[in-house]
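Peer 1: What follows is coords-v8.cif, mmCIF, C-alpha atoms.
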```cif
data_work
loop_
_atom_site.label_atom_id
_atom_site.label_comp_id
_atom_site.auth_asym_id
_atom_site.auth_seq_id
_atom_site.Cartn_x
_atom_site.Cartn_y
_atom_site.Cartn_z
CA MET A 18 -25.83 22.87 -50.18
CA THR A 19 -22.72 22.65 -47.96
CA LYS A 20 -24.92 21.74 -45.01
CA THR A 21 -26.35 18.69 -46.75
CA LEU A 22 -22.88 17.71 -47.91
CA PHE A 23 -21.62 17.77 -44.33
CA ALA A 24 -24.65 15.80 -43.17
CA VAL A 25 -24.02 13.11 -45.79
CA LEU A 26 -20.31 12.98 -44.92
CA PHE A 27 -21.05 12.68 -41.22
CA ALA A 28 -23.69 9.99 -41.80
CA SER A 29 -21.35 7.90 -43.95
CA PHE A 30 -18.61 8.26 -41.33
CA ALA A 31 -20.94 7.07 -38.57
CA ILE A 32 -22.09 4.09 -40.67
CA GLY A 33 -18.45 3.28 -41.41
CA GLN A 34 -17.75 3.12 -37.69
CA VAL A 35 -20.57 0.71 -37.05
CA THR A 36 -19.60 -1.63 -39.84
CA ALA A 37 -15.94 -1.57 -38.75
CA ASP A 38 -17.01 -2.82 -35.31
CA GLU A 39 -19.17 -5.49 -36.91
CA TYR A 40 -16.26 -6.82 -38.92
CA VAL A 41 -14.09 -7.63 -35.84
CA THR A 42 -13.87 -11.38 -36.06
CA ASN A 43 -11.12 -13.93 -35.63
CA GLY A 44 -12.88 -16.27 -38.04
CA GLY A 45 -13.08 -19.01 -35.41
CA LEU A 46 -9.30 -19.18 -34.97
CA SER A 47 -7.87 -19.16 -31.48
CA SER A 48 -4.50 -17.71 -30.55
CA LEU A 49 -2.65 -17.03 -27.29
CA ARG A 50 -5.63 -14.84 -26.48
CA GLY A 51 -7.92 -17.86 -26.76
CA SER A 52 -10.95 -17.32 -28.98
CA THR A 53 -11.78 -13.94 -27.43
CA GLU A 54 -12.49 -11.24 -30.02
CA LEU A 55 -10.08 -8.30 -30.19
CA ASN A 56 -12.68 -5.81 -28.98
CA GLN A 57 -13.69 -7.97 -26.02
CA GLU A 58 -12.03 -8.97 -22.77
CA ALA A 59 -11.86 -12.52 -21.50
CA GLN A 60 -13.02 -13.43 -18.01
CA PRO A 61 -9.82 -13.95 -16.01
CA PRO A 62 -9.50 -17.28 -14.21
CA THR A 63 -10.08 -17.22 -10.44
CA MET A 64 -7.01 -16.89 -8.22
CA PRO A 65 -5.94 -20.41 -7.18
CA SER A 66 -5.23 -21.06 -3.51
CA VAL A 67 -1.79 -21.91 -2.16
CA ILE A 68 -1.17 -25.54 -1.22
CA GLU A 69 -0.26 -25.85 2.48
CA GLN A 70 1.36 -29.05 3.68
CA ASP A 71 3.80 -30.08 6.39
CA THR A 72 6.02 -32.15 4.13
CA THR A 73 8.45 -31.01 1.45
CA TYR A 74 8.01 -31.58 -2.29
CA PRO A 75 10.26 -34.17 -3.90
CA ASN A 76 12.95 -32.69 -6.15
CA ALA A 77 12.70 -33.31 -9.88
CA TYR A 78 16.41 -32.82 -10.64
CA ILE A 79 19.71 -32.32 -8.85
CA PHE A 80 20.29 -28.70 -7.72
CA GLN A 81 16.60 -27.86 -8.06
CA PRO A 82 15.71 -25.06 -5.65
CA PRO A 83 13.27 -26.83 -3.30
CA LEU A 84 9.64 -25.68 -3.61
CA ILE A 85 7.86 -23.84 -0.78
CA PRO A 86 5.20 -26.10 0.76
CA HIS A 87 3.37 -23.37 2.71
CA ASP A 88 1.65 -19.99 2.36
CA ILE A 89 3.89 -16.94 2.51
CA ARG A 90 1.34 -14.15 2.29
CA ASN A 91 2.71 -10.92 3.72
CA TYR A 92 6.12 -12.39 4.55
CA GLU A 93 8.29 -9.34 4.14
CA MET A 94 11.34 -9.57 1.92
CA SER A 95 13.04 -6.22 1.74
CA LEU A 96 16.17 -4.32 2.62
CA ASN A 97 14.94 -4.24 6.21
CA ALA A 98 13.68 -7.73 6.81
CA ASN A 99 13.75 -11.27 5.44
CA LYS A 100 10.92 -13.24 7.03
CA CYS A 101 12.03 -16.57 5.53
CA MET A 102 15.24 -16.43 7.54
CA SER A 103 13.41 -16.25 10.85
CA CYS A 104 12.77 -19.99 10.39
CA HIS A 105 15.19 -21.21 7.72
CA SER A 106 18.47 -19.58 8.77
CA TRP A 107 21.06 -21.85 10.36
CA LYS A 108 20.53 -20.04 13.64
CA ASN A 109 16.74 -20.45 13.75
CA ALA A 110 16.20 -23.74 11.89
CA PRO A 111 16.77 -26.10 14.85
CA ALA A 112 14.13 -24.35 16.97
CA SER A 113 11.58 -24.04 14.17
CA ARG A 114 12.39 -27.47 12.70
CA ALA A 115 12.33 -25.91 9.26
CA THR A 116 14.70 -26.89 6.45
CA LYS A 117 18.05 -25.13 6.76
CA VAL A 118 19.12 -23.05 3.79
CA SER A 119 21.72 -24.94 1.79
CA VAL A 120 25.41 -24.33 2.47
CA THR A 121 25.72 -23.09 -1.10
CA HIS A 122 23.97 -19.92 0.06
CA TYR A 123 26.92 -19.10 2.30
CA LEU A 124 29.41 -19.11 -0.55
CA GLY A 125 30.55 -16.05 -2.45
CA ARG A 126 30.70 -16.10 -6.20
CA ASP A 127 34.32 -17.29 -6.14
CA GLY A 128 33.50 -20.10 -3.72
CA GLU A 129 34.82 -18.31 -0.63
CA VAL A 130 32.94 -19.12 2.59
CA LEU A 131 31.01 -16.18 4.07
CA ALA A 132 29.78 -15.55 7.61
CA ASP A 133 26.17 -15.05 6.53
CA VAL A 134 23.91 -15.65 3.54
CA SER A 135 25.48 -14.21 0.41
CA PRO A 136 23.76 -11.04 -0.86
CA ARG A 137 23.26 -12.71 -4.24
CA ARG A 138 21.15 -15.38 -2.48
CA TYR A 139 19.18 -12.92 -0.31
CA PHE A 140 15.96 -12.85 -2.33
CA CYS A 141 14.63 -16.35 -1.69
CA LEU A 142 11.67 -16.07 -4.07
CA GLN A 143 14.02 -15.54 -6.99
CA CYS A 144 14.44 -19.33 -7.08
CA HIS A 145 12.12 -20.86 -4.47
CA VAL A 146 8.44 -20.65 -5.40
CA LEU A 147 5.01 -21.54 -4.09
CA GLN A 148 2.75 -24.22 -5.52
CA VAL A 149 -0.88 -23.41 -6.16
CA ASP A 150 -3.88 -25.65 -6.64
CA ALA A 151 -4.26 -25.17 -10.42
CA PRO A 152 -3.91 -27.30 -13.55
CA ALA A 153 -0.63 -26.97 -15.44
CA LEU A 154 -0.74 -24.32 -18.19
CA VAL A 155 1.15 -26.52 -20.62
CA ASP A 156 1.61 -30.26 -20.78
CA ASN A 157 4.96 -31.38 -19.37
CA GLN A 158 6.62 -34.74 -19.90
CA PHE A 159 9.70 -34.11 -17.79
CA GLU A 160 10.85 -37.21 -15.91
CA PRO A 161 13.20 -37.04 -12.91
CA VAL A 162 16.44 -39.01 -13.14
CA GLU A 163 16.42 -42.55 -11.77
CA SER A 164 18.15 -41.64 -8.50
CA LEU A 165 15.44 -39.11 -7.58
CA ARG A 166 12.44 -41.25 -8.47
CA MET B 26 -14.00 41.79 34.73
CA LYS B 27 -17.32 42.66 36.23
CA TRP B 28 -19.21 39.81 34.67
CA ILE B 29 -16.57 37.26 35.67
CA LYS B 30 -17.02 38.36 39.28
CA ALA B 31 -20.80 38.11 38.92
CA PHE B 32 -20.46 34.64 37.45
CA PHE B 33 -18.36 33.35 40.35
CA LYS B 34 -20.73 34.97 42.83
CA ALA B 35 -23.64 33.15 41.17
CA LEU B 36 -21.66 29.91 41.39
CA SER B 37 -20.84 30.24 45.07
CA ARG B 38 -24.31 31.32 46.19
CA PRO B 39 -27.06 28.76 46.81
CA SER B 40 -29.49 28.72 43.90
CA LYS B 41 -33.10 29.81 44.28
CA ALA B 42 -34.19 26.98 41.97
CA ALA B 43 -35.77 23.85 43.44
CA VAL B 44 -33.41 20.97 44.25
CA GLY B 45 -35.33 18.83 41.75
CA ILE B 46 -34.59 21.27 38.91
CA VAL B 47 -30.92 21.49 39.86
CA LEU B 48 -30.66 17.71 39.99
CA ALA B 49 -32.51 17.30 36.68
CA LEU B 50 -30.26 19.91 35.02
CA GLY B 51 -27.21 18.16 36.42
CA PHE B 52 -28.49 14.79 35.22
CA PHE B 53 -29.21 15.89 31.66
CA GLY B 54 -26.10 18.06 31.54
CA GLY B 55 -24.13 15.00 32.58
CA ILE B 56 -25.63 12.88 29.81
CA MET B 57 -24.88 15.60 27.24
CA PHE B 58 -21.30 16.02 28.46
CA TRP B 59 -20.63 12.27 28.57
CA GLY B 60 -22.11 11.78 25.11
CA ALA B 61 -20.05 14.62 23.65
CA PHE B 62 -16.91 13.39 25.40
CA ASN B 63 -17.30 9.84 24.15
CA THR B 64 -18.19 10.95 20.62
CA GLY B 65 -15.09 13.14 20.59
CA MET B 66 -13.01 10.25 21.89
CA GLU B 67 -14.41 7.89 19.24
CA LEU B 68 -13.66 10.49 16.55
CA THR B 69 -9.97 10.23 17.40
CA ASN B 70 -10.25 6.46 16.87
CA THR B 71 -11.29 6.58 13.21
CA GLU B 72 -9.05 5.64 10.32
CA GLU B 73 -9.53 9.12 8.77
CA PHE B 74 -8.27 10.78 11.93
CA CYS B 75 -5.17 8.57 12.08
CA ALA B 76 -4.50 9.07 8.38
CA GLY B 77 -4.44 12.83 8.99
CA CYS B 78 -0.85 12.48 10.19
CA HIS B 79 0.09 8.83 9.52
CA GLN B 80 -1.02 8.63 5.88
CA PRO B 81 1.90 6.49 4.57
CA ILE B 82 1.48 3.91 7.34
CA VAL B 83 -2.27 3.68 6.91
CA LYS B 84 -1.61 2.84 3.26
CA GLU B 85 0.63 -0.08 4.24
CA ILE B 86 -2.11 -2.05 5.94
CA GLN B 87 -4.15 -2.32 2.74
CA SER B 88 -2.36 -5.38 1.35
CA THR B 89 -2.42 -7.24 4.66
CA ILE B 90 -4.97 -9.71 5.96
CA HIS B 91 -6.22 -7.29 8.59
CA TYR B 92 -7.56 -5.08 5.80
CA SER B 93 -8.62 -7.43 2.98
CA ASN B 94 -9.64 -11.00 3.68
CA ARG B 95 -12.20 -13.69 2.89
CA SER B 96 -14.62 -12.95 5.75
CA GLY B 97 -14.78 -9.16 5.49
CA VAL B 98 -13.85 -8.45 9.09
CA ARG B 99 -11.43 -5.56 9.25
CA ALA B 100 -9.21 -4.27 12.03
CA ILE B 101 -8.54 -0.54 11.88
CA CYS B 102 -5.66 1.37 13.51
CA SER B 103 -7.35 1.85 16.87
CA ASP B 104 -8.24 -1.84 17.22
CA CYS B 105 -4.55 -2.62 17.70
CA HIS B 106 -3.05 0.65 18.87
CA VAL B 107 -5.65 1.85 21.41
CA PRO B 108 -6.69 -0.33 24.36
CA HIS B 109 -10.39 -1.21 24.37
CA ASN B 110 -10.77 -1.10 28.15
CA TRP B 111 -11.89 2.40 29.21
CA THR B 112 -9.26 3.23 31.86
CA ASP B 113 -6.41 1.86 29.73
CA LYS B 114 -7.78 3.84 26.79
CA MET B 115 -7.72 7.09 28.79
CA VAL B 116 -4.12 6.42 29.85
CA ARG B 117 -3.10 5.82 26.25
CA LYS B 118 -4.94 8.93 25.04
CA VAL B 119 -3.11 11.07 27.59
CA GLN B 120 0.19 9.54 26.45
CA ALA B 121 -0.82 10.41 22.89
CA SER B 122 -0.72 14.10 23.78
CA LYS B 123 3.07 13.73 23.65
CA GLU B 124 2.69 12.44 20.10
CA VAL B 125 0.62 15.52 19.22
CA PHE B 126 3.63 17.56 20.37
CA ALA B 127 5.88 15.47 18.08
CA HIS B 128 3.49 16.18 15.23
CA ILE B 129 3.64 19.93 15.85
CA MET B 130 7.46 19.75 15.99
CA GLY B 131 7.44 17.79 12.72
CA THR B 132 9.45 14.85 14.12
CA ILE B 133 8.34 12.52 11.31
CA SER B 134 6.98 15.09 8.87
CA THR B 135 8.93 13.76 5.85
CA GLU B 136 9.39 10.25 4.47
CA GLU B 137 13.13 10.35 5.30
CA LYS B 138 12.57 11.46 8.89
CA PHE B 139 9.93 8.76 9.27
CA GLN B 140 12.20 6.00 7.91
CA ALA B 141 15.01 7.10 10.20
CA ARG B 142 12.72 6.93 13.22
CA ARG B 143 10.79 3.88 12.15
CA LYS B 144 12.69 1.36 14.24
CA HIS B 145 12.27 3.45 17.39
CA LEU B 146 8.54 3.77 16.80
CA ALA B 147 8.14 0.06 16.07
CA GLU B 148 10.13 -0.95 19.13
CA ARG B 149 7.92 1.18 21.33
CA GLU B 150 4.80 -0.56 20.03
CA TRP B 151 6.38 -4.03 20.36
CA HIS B 152 7.39 -3.20 23.92
CA ARG B 153 3.89 -1.98 24.76
CA LEU B 154 2.29 -5.17 23.41
CA LYS B 155 4.88 -7.36 25.13
CA GLU B 156 4.12 -5.66 28.45
CA ASN B 157 0.35 -6.12 28.22
CA ASP B 158 0.63 -9.71 26.89
CA SER B 159 -0.60 -8.64 23.42
CA LEU B 160 -3.91 -7.52 24.85
CA GLU B 161 -5.02 -5.80 21.66
CA CYS B 162 -4.41 -8.98 19.62
CA ARG B 163 -6.35 -10.99 22.17
CA ASN B 164 -9.36 -8.71 21.95
CA CYS B 165 -10.14 -10.70 18.79
CA HIS B 166 -7.73 -13.66 18.82
CA GLU B 167 -8.44 -15.26 22.17
CA PHE B 168 -6.18 -18.23 22.89
CA GLU B 169 -8.92 -20.08 24.79
CA TYR B 170 -11.10 -20.15 21.67
CA MET B 171 -8.42 -21.35 19.24
CA ASP B 172 -9.19 -24.63 17.49
CA PHE B 173 -5.85 -26.27 16.70
CA THR B 174 -7.50 -28.71 14.30
CA GLU B 175 -8.36 -25.73 12.09
CA GLN B 176 -4.81 -24.38 12.12
CA GLY B 177 -1.95 -25.23 9.80
CA PRO B 178 0.75 -27.60 11.08
CA ARG B 179 3.23 -24.75 11.51
CA SER B 180 0.76 -22.72 13.56
CA VAL B 181 -0.14 -25.63 15.83
CA ALA B 182 3.52 -26.31 16.53
CA GLN B 183 4.02 -22.76 17.84
CA HIS B 184 0.65 -22.07 19.46
CA SER B 185 0.30 -25.35 21.36
CA THR B 186 3.74 -24.97 22.94
CA ALA B 187 5.25 -21.54 23.46
CA LEU B 188 1.99 -19.58 23.41
CA ALA B 189 0.11 -22.11 25.56
CA ASP B 190 2.87 -22.02 28.21
CA GLY B 191 2.74 -18.24 28.32
CA ASP B 192 6.39 -18.46 27.35
CA LYS B 193 5.80 -16.20 24.36
CA THR B 194 3.13 -13.67 23.49
CA CYS B 195 1.62 -12.92 20.07
CA VAL B 196 3.90 -10.01 19.18
CA ASP B 197 7.06 -12.04 19.83
CA CYS B 198 6.53 -13.77 16.49
CA HIS B 199 3.86 -11.69 14.74
CA LYS B 200 5.75 -8.51 13.97
CA GLY B 201 4.99 -6.43 10.91
CA ILE B 202 1.60 -8.06 10.38
CA ALA B 203 -0.05 -4.77 9.46
CA HIS B 204 2.97 -2.63 8.50
CA ARG B 205 6.23 -2.77 6.65
CA LEU B 206 9.08 -3.64 9.00
CA PRO B 207 11.98 -1.44 10.11
CA ASP B 208 15.55 -2.69 9.88
CA MET B 209 15.28 -6.02 11.73
CA ALA B 210 19.00 -6.50 12.37
CA GLY B 211 19.44 -7.39 16.04
CA VAL B 212 15.76 -8.12 16.68
CA GLU B 213 15.32 -11.48 18.44
CA GLY B 214 14.15 -14.28 16.17
CA TRP B 215 15.00 -12.46 12.93
CA GLN B 216 17.71 -13.18 10.37
#
```
Would you write the structure of this file as structure tokens?

Peer 2:
Amino acid sequence: MTKTLFAVLFASFAIGQVTADEYVTNGGLSSLRGSTELNQEAQPPTMPSVIEQDTTYPNAYIFQPPLIPHDIRNYEMSLNANKCMSCHSWKNAPASRATKVSVTHYLGRDGEVLADVSPRRYFCLQCHVLQVDAPALVDNQFEPVESLR
Amino acid sequence: MKWIKAFFKALSRPSKAAVGIVLALGFFGGIMFWGAFNTGMELTNTEEFCAGCHQPIVKEIQSTIHYSNRSGVRAICSDCHVPHNWTDKMVRKVQASKEVFAHIMGTISTEEKFQARRKHLAEREWHRLKENDSLECRNCHEFEYMDFTEQGPRSVAQHSTALADGDKTCVDCHKGIAHRLPDMAGVEGWQ
């Protein structure tokens, strides 16, 4: 008697599982996940490639950190080394003909002039970023001011 | 004692075997020895062998272009750190016996010891490549075969001037291409 009871319980449990899986549906609504069901995984988009060019990007607003117009794969940025500065530092920029880092980077937080790049400006990628060959994720209607157009 | 004496006596006495047999034995023995020697030498050139002691460094290469790239060509430790030319390779292997001693002494046996010595080790490698005009780079990246039209503008600017003149060699600019860098303060062209 108990054996059959267990069998019935187990069977109903198993059926319950199956139906629960069947009922996963977003009802045709899409969210931040897109229209991918909860129990599925979306195909990630392919990695876009970095845009390489020998000219700089125009600035969109005053005090915008200029964008990086070249690939920086494996350029080390650590306690030991800052690869960006081997071209963009004031010392190396004339030889490499790269853009010099702005004078603002040599100022301390109280505006005092320092002998080298301020530690708070050390990590270049905190503000300066790459551009990749990909469509914008969201529509943007930002217009630069007249003087920058 | 007795059998050692007998062995040397046998070595110093002319053999009763025919010259042909002695020559044939010598010939095949030579092939066997050379094969074993080269196989042994190649064994010390594998990534697994290097990783036996240099595990943390071997890990560092994995994010770089010499390990993962679009065309699937990979450079392993020995491609850059061991000369390909036979005589140069032998010289380097003999020098490496000093490094075996360092391993036994535990000179860089912990992460802290390694980090403290990192700059010294890196400078030695940079110096070696500077001296041989970056020979190990040029085993694959031959200047004569470079097509500047396929290079980025920044690369052309450097390669068509300083490298073409022989003014600079690969390692002068390309440091830390397969490893993390040591403290670069005071290194020419950095910071």

Peer 1: Taking all atoms listed in the file into account and nothing else, which residues of chain A lie no more than 8 Å away from chain B? Please answer as a short mmCIF file (atom, residue, chain, number, x, y, z; two decimals) with C-alpha atoms, keeping the file's coordinate frame.

Peer 2:
```cif
data_model
loop_
_atom_site.label_atom_id
_atom_site.label_comp_id
_atom_site.auth_asym_id
_atom_site.auth_seq_id
_atom_site.Cartn_x
_atom_site.Cartn_y
_atom_site.Cartn_z
CA GLU A 69 -0.26 -25.85 2.48
CA GLN A 70 1.36 -29.05 3.68
CA ASP A 71 3.80 -30.08 6.39
CA ASN A 91 2.71 -10.92 3.72
CA GLU A 93 8.29 -9.34 4.14
CA LEU A 96 16.17 -4.32 2.62
CA ASN A 97 14.94 -4.24 6.21
CA ALA A 98 13.68 -7.73 6.81
CA ASN A 99 13.75 -11.27 5.44
CA LYS A 100 10.92 -13.24 7.03
CA MET A 102 15.24 -16.43 7.54
CA SER A 103 13.41 -16.25 10.85
CA SER A 106 18.47 -19.58 8.77
CA ASN A 109 16.74 -20.45 13.75
#
```

Peer 1: May I have the residues at most 10 Å from (-6.4, -16.6, -19.3) in the file's coordinates, counting all atoms listed in the file, as a list in words?

Peer 2: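 Output of the proximity query reads Leu49, Arg50, Gly51, Ala59, Gln60, Pro61, Pro62, Thr63 and Leu154 of chain A.
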
Peer 1: Restricting the output to C-alpha atoms, write the selected residues as an mmCIF file, keeping the file's coordinate frame.

Peer 2:
```cif
data_model
loop_
_atom_site.group_PDB
_atom_site.id
_atom_site.type_symbol
_atom_site.label_atom_id
_atom_site.label_comp_id
_atom_site.auth_asym_id
_atom_site.auth_seq_id
_atom_site.Cartn_x
_atom_site.Cartn_y
_atom_site.Cartn_z
ATOM 1 C CA LEU A 49 -2.650 -17.030 -27.290
ATOM 2 C CA ARG A 50 -5.630 -14.840 -26.480
ATOM 3 C CA GLY A 51 -7.920 -17.860 -26.760
ATOM 4 C CA ALA A 59 -11.860 -12.520 -21.500
ATOM 5 C CA GLN A 60 -13.020 -13.430 -18.010
ATOM 6 C CA PRO A 61 -9.820 -13.950 -16.010
ATOM 7 C CA PRO A 62 -9.500 -17.280 -14.210
ATOM 8 C CA THR A 63 -10.080 -17.220 -10.440
ATOM 9 C CA LEU A 154 -0.740 -24.320 -18.190
#
```

Peer 1: List as a PyMOL selection string the protein and nucleic acid residues near range 154-158 of chain B, meaning an atom at most 8 Å away when all atoms listed in the file are counted, but skip any in the same chain fewer than 5 places from it.

Peer 2: chain B and resi 194-197

Peer 1: Any chance you could work out the residue set of the PyMOL selection byres ((chain A and resi 43) around 10) here, as a VMD selection string?

Peer 2: chain A and resid 40 to 42 44 to 48 52 to 55

Peer 1: Would you mind exporting C-alpha atoms of the selected residues as a PDB file, keeping the file's coordinate frame?

Peer 2:
```pdb
ATOM      1  CA  TYR A  40     -16.260  -6.820 -38.920  1.00  0.00           C
ATOM      2  CA  VAL A  41     -14.090  -7.630 -35.840  1.00  0.00           C
ATOM      3  CA  THR A  42     -13.870 -11.380 -36.060  1.00  0.00           C
ATOM      4  CA  GLY A  44     -12.880 -16.270 -38.040  1.00  0.00           C
ATOM      5  CA  GLY A  45     -13.080 -19.010 -35.410  1.00  0.00           C
ATOM      6  CA  LEU A  46      -9.300 -19.180 -34.970  1.00  0.00           C
ATOM      7  CA  SER A  47      -7.870 -19.160 -31.480  1.00  0.00           C
ATOM      8  CA  SER A  48      -4.500 -17.710 -30.550  1.00  0.00           C
ATOM      9  CA  SER A  52     -10.950 -17.320 -28.980  1.00  0.00           C
ATOM     10  CA  THR A  53     -11.780 -13.940 -27.430  1.00  0.00           C
ATOM     11  CA  GLU A  54     -12.490 -11.240 -30.020  1.00  0.00           C
ATOM     12  CA  LEU A  55     -10.080  -8.300 -30.190  1.00  0.00           C
TER      13      LEU A  55
END
```

Peer 1: Kindly give the distance, in Å, that separates CA of Val149 in chain A and CA of Lys108 in chain A, rounded to a single decimal.

Peer 2: 29.4 Å

Peer 1: How many Å lie between CA of Ile82 in chain B and CA of Thr112 in chain B, rounded to one decimal?

Peer 2: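 Straight-line distance from CA of Ile82 in chain B to CA of Thr112 in chain B works out to 26.8 Å.
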
Peer 1: With distances taken over only C-alpha atoms, which residue among A:Arg138, A:Tyr78, A:Val118, A:Leu147 lies nearest His105 in chain A?

Peer 2: A:Val118

Peer 1: Do you know which residues are at most 10 Å from range 135-142 of chain B counting all atoms listed in the file, after dropping those on the same chain fewer than 2 positions away, and could you put them as a VMD selection string?

Peer 2: chain B and resid 79 81 to 82 131 to 133 144 to 147 207 to 208

Peer 1: So that I have them on file, write out the residues from the current selection with C-alpha atoms, as a PDB file, in the coordinates of the input.

Peer 2:
```pdb
ATOM      1  CA  HIS B  79       0.090   8.830   9.520  1.00  0.00           C
ATOM      2  CA  PRO B  81       1.900   6.490   4.570  1.00  0.00           C
ATOM      3  CA  ILE B  82       1.480   3.910   7.340  1.00  0.00           C
ATOM      4  CA  GLY B 131       7.440  17.790  12.720  1.00  0.00           C
ATOM      5  CA  THR B 132       9.450  14.850  14.120  1.00  0.00           C
ATOM      6  CA  ILE B 133       8.340  12.520  11.310  1.00  0.00           C
ATOM      7  CA  LYS B 144      12.690   1.360  14.240  1.00  0.00           C
ATOM      8  CA  HIS B 145      12.270   3.450  17.390  1.00  0.00           C
ATOM      9  CA  LEU B 146       8.540   3.770  16.800  1.00  0.00           C
ATOM     10  CA  ALA B 147       8.140   0.060  16.070  1.00  0.00           C
ATOM     11  CA  PRO B 207      11.980  -1.440  10.110  1.00  0.00           C
ATOM     12  CA  ASP B 208      15.550  -2.690   9.880  1.00  0.00           C
TER      13      ASP B 208
END
```

Peer 1: Report the distance between CA of Phe140 in chain A and CA of His199 in chain B in Å, rounded to one decimal place.

Peer 2: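 CA of His199 in chain B lies 21.0 Å from CA of Phe140 in chain A.
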
Peer 1: Given 5 Å on each side, where is the centre and what are the edge lengths in Å to one decimal of the axis-aligned box enclosing the listed atoms of range 117-136 of chain B, as JSON?

Peer 2:
```
{"center_x": 2.3, "center_y": 12.9, "center_z": 16.0, "size_x": 24.4, "size_y": 24.1, "size_z": 33.1}
```

Peer 1: Env of Pro161 in chain A: 12 Å cut, atoms = all atoms listed in the file, seq-sep filter 5 positions within chain, self excluded. Answer as a compact mmCIF listing (two decimals) with C-alpha atoms, in the frame of the given file.

Peer 2:
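Contents of out.txt, freshly written:
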```
# COMPACT_ATOMS: atom_id res chain seq x y z
CA PRO A 75 10.26 -34.17 -3.90
CA ASN A 76 12.95 -32.69 -6.15
CA ALA A 77 12.70 -33.31 -9.88
CA TYR A 78 16.41 -32.82 -10.64
CA ILE A 79 19.71 -32.32 -8.85
CA GLN A 81 16.60 -27.86 -8.06
CA ARG A 166 12.44 -41.25 -8.47
```

Peer 1: Can you list what the PyMOL selection byres ((chain B and resi 104-107) around 12) grabs from this structure, as a CSV table (one decimal) with C-alpha atoms, in the frame of the given file?

Peer 2:
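To be explicit, this is the file written out as expr03.csv:
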```
chain,number,residue,atom,x,y,z
B,66,MET,CA,-13.0,10.2,21.9
B,67,GLU,CA,-14.4,7.9,19.2
B,69,THR,CA,-10.0,10.2,17.4
B,70,ASN,CA,-10.2,6.5,16.9
B,71,THR,CA,-11.3,6.6,13.2
B,72,GLU,CA,-9.0,5.6,10.3
B,75,CYS,CA,-5.2,8.6,12.1
B,91,HIS,CA,-6.2,-7.3,8.6
B,92,TYR,CA,-7.6,-5.1,5.8
B,98,VAL,CA,-13.8,-8.4,9.1
B,99,ARG,CA,-11.4,-5.6,9.2
B,100,ALA,CA,-9.2,-4.3,12.0
B,101,ILE,CA,-8.5,-0.5,11.9
B,102,CYS,CA,-5.7,1.4,13.5
B,103,SER,CA,-7.4,1.8,16.9
B,108,PRO,CA,-6.7,-0.3,24.4
B,109,HIS,CA,-10.4,-1.2,24.4
B,110,ASN,CA,-10.8,-1.1,28.2
B,111,TRP,CA,-11.9,2.4,29.2
B,112,THR,CA,-9.3,3.2,31.9
B,113,ASP,CA,-6.4,1.9,29.7
B,114,LYS,CA,-7.8,3.8,26.8
B,115,MET,CA,-7.7,7.1,28.8
B,116,VAL,CA,-4.1,6.4,29.8
B,117,ARG,CA,-3.1,5.8,26.2
B,118,LYS,CA,-4.9,8.9,25.0
B,119,VAL,CA,-3.1,11.1,27.6
B,120,GLN,CA,0.2,9.5,26.4
B,121,ALA,CA,-0.8,10.4,22.9
B,147,ALA,CA,8.1,0.1,16.1
B,149,ARG,CA,7.9,1.2,21.3
B,150,GLU,CA,4.8,-0.6,20.0
B,151,TRP,CA,6.4,-4.0,20.4
B,153,ARG,CA,3.9,-2.0,24.8
B,154,LEU,CA,2.3,-5.2,23.4
B,159,SER,CA,-0.6,-8.6,23.4
B,160,LEU,CA,-3.9,-7.5,24.8
B,161,GLU,CA,-5.0,-5.8,21.7
B,162,CYS,CA,-4.4,-9.0,19.6
B,163,ARG,CA,-6.4,-11.0,22.2
B,164,ASN,CA,-9.4,-8.7,22.0
B,165,CYS,CA,-10.1,-10.7,18.8
B,166,HIS,CA,-7.7,-13.7,18.8
B,196,VAL,CA,3.9,-10.0,19.2
B,202,ILE,CA,1.6,-8.1,10.4
B,203,ALA,CA,0.0,-4.8,9.5
B,204,HIS,CA,3.0,-2.6,8.5
```
